[in-house]
$ cat input_39.txt   # compact mmCIF, C-alpha atoms
# COMPACT_ATOMS: atom_id res chain seq x y z
CA MET A 342 -17.81 -22.20 -6.13
CA ASP A 343 -17.34 -24.30 -2.99
CA LYS A 344 -14.35 -24.23 -0.61
CA GLU A 345 -12.45 -27.05 -2.35
CA GLN A 346 -12.95 -25.55 -5.81
CA LEU A 347 -11.79 -22.16 -4.52
CA LYS A 348 -8.72 -23.72 -2.92
CA LYS A 349 -7.88 -25.62 -6.13
CA ARG A 350 -8.27 -22.49 -8.26
CA LEU A 351 -6.04 -20.43 -5.97
CA GLU A 352 -3.40 -23.18 -6.02
CA GLU A 353 -3.43 -23.03 -9.84
CA ILE A 354 -2.93 -19.27 -9.73
CA LYS A 355 -0.14 -19.55 -7.15
CA SER A 356 1.71 -22.10 -9.29
CA ARG A 357 2.00 -19.51 -12.07
CA LEU A 358 3.52 -16.80 -9.90
CA PRO A 359 7.24 -16.04 -10.29
CA ALA A 360 9.77 -17.32 -7.78
CA TRP A 361 10.48 -15.62 -4.45
CA LYS A 362 12.63 -12.53 -4.78
CA PRO A 363 13.13 -10.21 -1.78
CA SER A 364 12.31 -6.54 -2.15
CA SER A 365 14.78 -3.74 -1.47
CA ASN A 366 13.19 -2.90 1.91
CA GLY A 367 13.79 -6.37 3.39
CA THR A 368 10.25 -7.71 3.05
CA PRO A 369 9.43 -10.69 0.83
CA GLY A 370 9.04 -10.06 -2.88
CA LEU A 371 5.76 -9.39 -4.58
CA ALA A 372 5.26 -13.01 -5.69
CA THR A 373 5.72 -14.31 -2.14
CA MET A 374 3.37 -11.72 -0.72
CA ALA A 375 0.77 -12.59 -3.38
CA ARG A 376 1.03 -16.24 -2.31
CA ASN A 377 0.72 -15.24 1.33
CA VAL A 378 -2.43 -13.21 0.60
CA SER A 379 -4.05 -16.05 -1.35
CA ASP A 380 -3.21 -18.48 1.46
CA SER A 381 -4.68 -16.03 3.97
CA ILE A 382 -7.90 -15.75 1.99
CA ILE A 383 -8.24 -19.53 1.88
CA ARG A 384 -7.54 -19.84 5.63
CA ASN A 385 -9.94 -17.09 6.63
CA VAL A 386 -12.80 -18.10 4.33
CA GLY A 387 -12.40 -21.71 5.51
CA SER A 388 -12.36 -20.64 9.15
CA VAL A 389 -15.54 -18.59 8.77
CA LEU A 390 -17.24 -21.43 6.88
CA GLU A 391 -16.39 -23.68 9.85
CA GLY A 392 -18.27 -21.27 12.13
CA ASN A 393 -15.37 -19.30 13.59
CA ASN A 394 -15.38 -15.53 14.04
CA LEU A 395 -13.44 -13.61 11.42
CA LYS A 396 -11.85 -11.27 13.98
CA VAL A 397 -10.22 -11.78 17.35
CA SER A 398 -11.05 -9.59 20.34
CA ASP A 399 -9.43 -6.16 20.63
CA THR A 400 -7.45 -7.49 23.60
CA GLN A 401 -6.05 -10.41 21.61
CA LYS A 402 -5.26 -8.16 18.64
CA GLN A 403 -3.34 -5.79 20.92
CA SER A 404 -1.50 -8.70 22.54
CA ARG A 405 -0.41 -9.95 19.11
CA LEU A 406 0.72 -6.46 18.06
CA ASN A 407 2.70 -6.08 21.29
CA ILE A 408 4.55 -9.32 20.47
CA CYS A 409 5.23 -8.06 16.94
CA ASN A 410 6.59 -4.77 18.28
CA GLU A 411 9.26 -6.67 20.20
CA CYS A 412 10.25 -8.87 17.23
CA SER A 413 13.40 -8.23 15.18
CA PHE A 414 11.45 -9.01 11.98
CA PHE A 415 8.91 -6.24 12.62
CA ASP A 416 9.36 -2.99 10.68
CA LYS A 417 7.88 -0.44 13.08
CA GLU A 418 7.90 2.36 10.52
CA GLN A 419 5.85 0.40 7.98
CA GLN A 420 4.01 -1.74 10.58
CA ARG A 421 4.96 -4.80 8.49
CA CYS A 422 6.52 -8.17 9.13
CA LYS A 423 9.76 -8.75 7.23
CA LYS A 424 9.13 -12.52 7.19
CA CYS A 425 5.69 -12.59 5.54
CA GLY A 426 5.38 -8.99 4.32
CA CYS A 427 1.97 -8.53 5.93
CA TYR A 428 0.66 -5.33 7.43
CA MET A 429 0.35 -6.47 11.01
CA VAL A 430 -2.46 -4.12 12.01
CA ALA A 431 -4.64 -6.16 9.64
CA LYS A 432 -3.13 -9.62 10.15
CA THR A 433 -3.26 -9.52 13.94
CA MET A 434 -7.04 -8.99 13.92
CA LEU A 435 -7.84 -12.16 11.92
CA THR A 436 -8.66 -15.31 13.87
CA ALA A 437 -7.20 -17.75 11.34
CA GLU A 438 -3.85 -15.97 11.04
CA LYS A 439 -0.62 -16.96 12.76
CA CYS A 440 2.81 -15.42 13.21
CA PRO A 441 5.14 -16.78 10.48
CA ILE A 442 7.73 -17.71 13.12
CA GLY A 443 5.25 -19.03 15.70
CA LYS A 444 5.30 -16.23 18.27
CA TRP A 445 1.48 -16.05 18.44
$ encode --input "input_39.txt" --output "structure tokens"
Amino acid sequence: MDKEQLKKRLEEIKSRLPAWKPSSNGTPGLATMARNVSDSIIRNVGSVLEGNNLKVSDTQKQSRLNICNECSFFDKEQQRCKKCGCYMVAKTMLTAEKCPIGKW
């Protein structure tokens, strides 16, 4: 399956997911987080296929985490973003990922 076929298939799956519904802890609902994960997979696979590194340097990862730690949407206890629902220890290490509100 090539990149375009994979992207098309994931779009089909995403279209069947239920509507966004926030969870009780303030993070996005399960359907939104599932969409975010599938989008992340597409971005990261595409980035690697284009010749980019999968991971950023440890310095850049730490810089991103420091920014998250100062953000009002960051849940320090869970180490998660309340905007996208991602576990930021993982998201901040991936080259193709971005902050959902544009901070990094």
$ closest_residue --input "input_39.txt" --among "A:Met434, A:Glu418, A:Asn385, A:Lys424" --to "Gln403 (chain A)" --atoms "only C-alpha atoms"
A:Met434
$ residues_around --input "input_39.txt" --residues "region 375-379 of chain A" --least-positions-apart "2" --cutoff "9 Å" --atoms "all atoms listed in the file" --output "list in words"
Leu351, Glu352, Ile354, Lys355, Leu358, Gly370, Leu371, Ala372, Thr373, Ser381, Ile382, Ile383, Arg384, Cys425, Gly426 and Cys427 of chain A
$ write_last_selection --input "input_39.txt" --atoms "C-alpha atoms" --output "CSV table (one decimal), keeping the file's coordinate frame"
chain,number,residue,atom,x,y,z
A,351,LEU,CA,-6.0,-20.4,-6.0
A,352,GLU,CA,-3.4,-23.2,-6.0
A,354,ILE,CA,-2.9,-19.3,-9.7
A,355,LYS,CA,-0.1,-19.6,-7.2
A,358,LEU,CA,3.5,-16.8,-9.9
A,370,GLY,CA,9.0,-10.1,-2.9
A,371,LEU,CA,5.8,-9.4,-4.6
A,372,ALA,CA,5.3,-13.0,-5.7
A,373,THR,CA,5.7,-14.3,-2.1
A,381,SER,CA,-4.7,-16.0,4.0
A,382,ILE,CA,-7.9,-15.8,2.0
A,383,ILE,CA,-8.2,-19.5,1.9
A,384,ARG,CA,-7.5,-19.8,5.6
A,425,CYS,CA,5.7,-12.6,5.5
A,426,GLY,CA,5.4,-9.0,4.3
A,427,CYS,CA,2.0,-8.5,5.9
$ atom_distance --input "input_39.txt" --atom1 "CA of Val389 (chain A)" --atom2 "CA of Lys349 (chain A)"
18.2 Å
$ atom_distance --input "input_39.txt" --atom1 "CA of Asn394 (chain A)" --atom2 "CA of Tyr428 (chain A)"
20.1 Å
$ closest_residue --input "input_39.txt" --among "A:Asp416, A:Cys409, A:Ala437, A:Leu347" --to "Glu391 (chain A)" --atoms "only C-alpha atoms"
A:Ala437
$ atom_distance --input "input_39.txt" --atom1 "CA of Lys396 (chain A)" --atom2 "CA of Met429 (chain A)"
13.4 Å
$ closest_residue --input "input_39.txt" --among "A:Thr436, A:Gly367, A:Arg350, A:Asn407" --to "Leu395 (chain A)" --atoms "all atoms listed in the file"
A:Thr436
$ closest_residue --input "input_39.txt" --among "A:Arg421, A:Lys348, A:Lys432, A:Lys444" --to "Asp380 (chain A)" --atoms "all atoms listed in the file"
A:Lys348
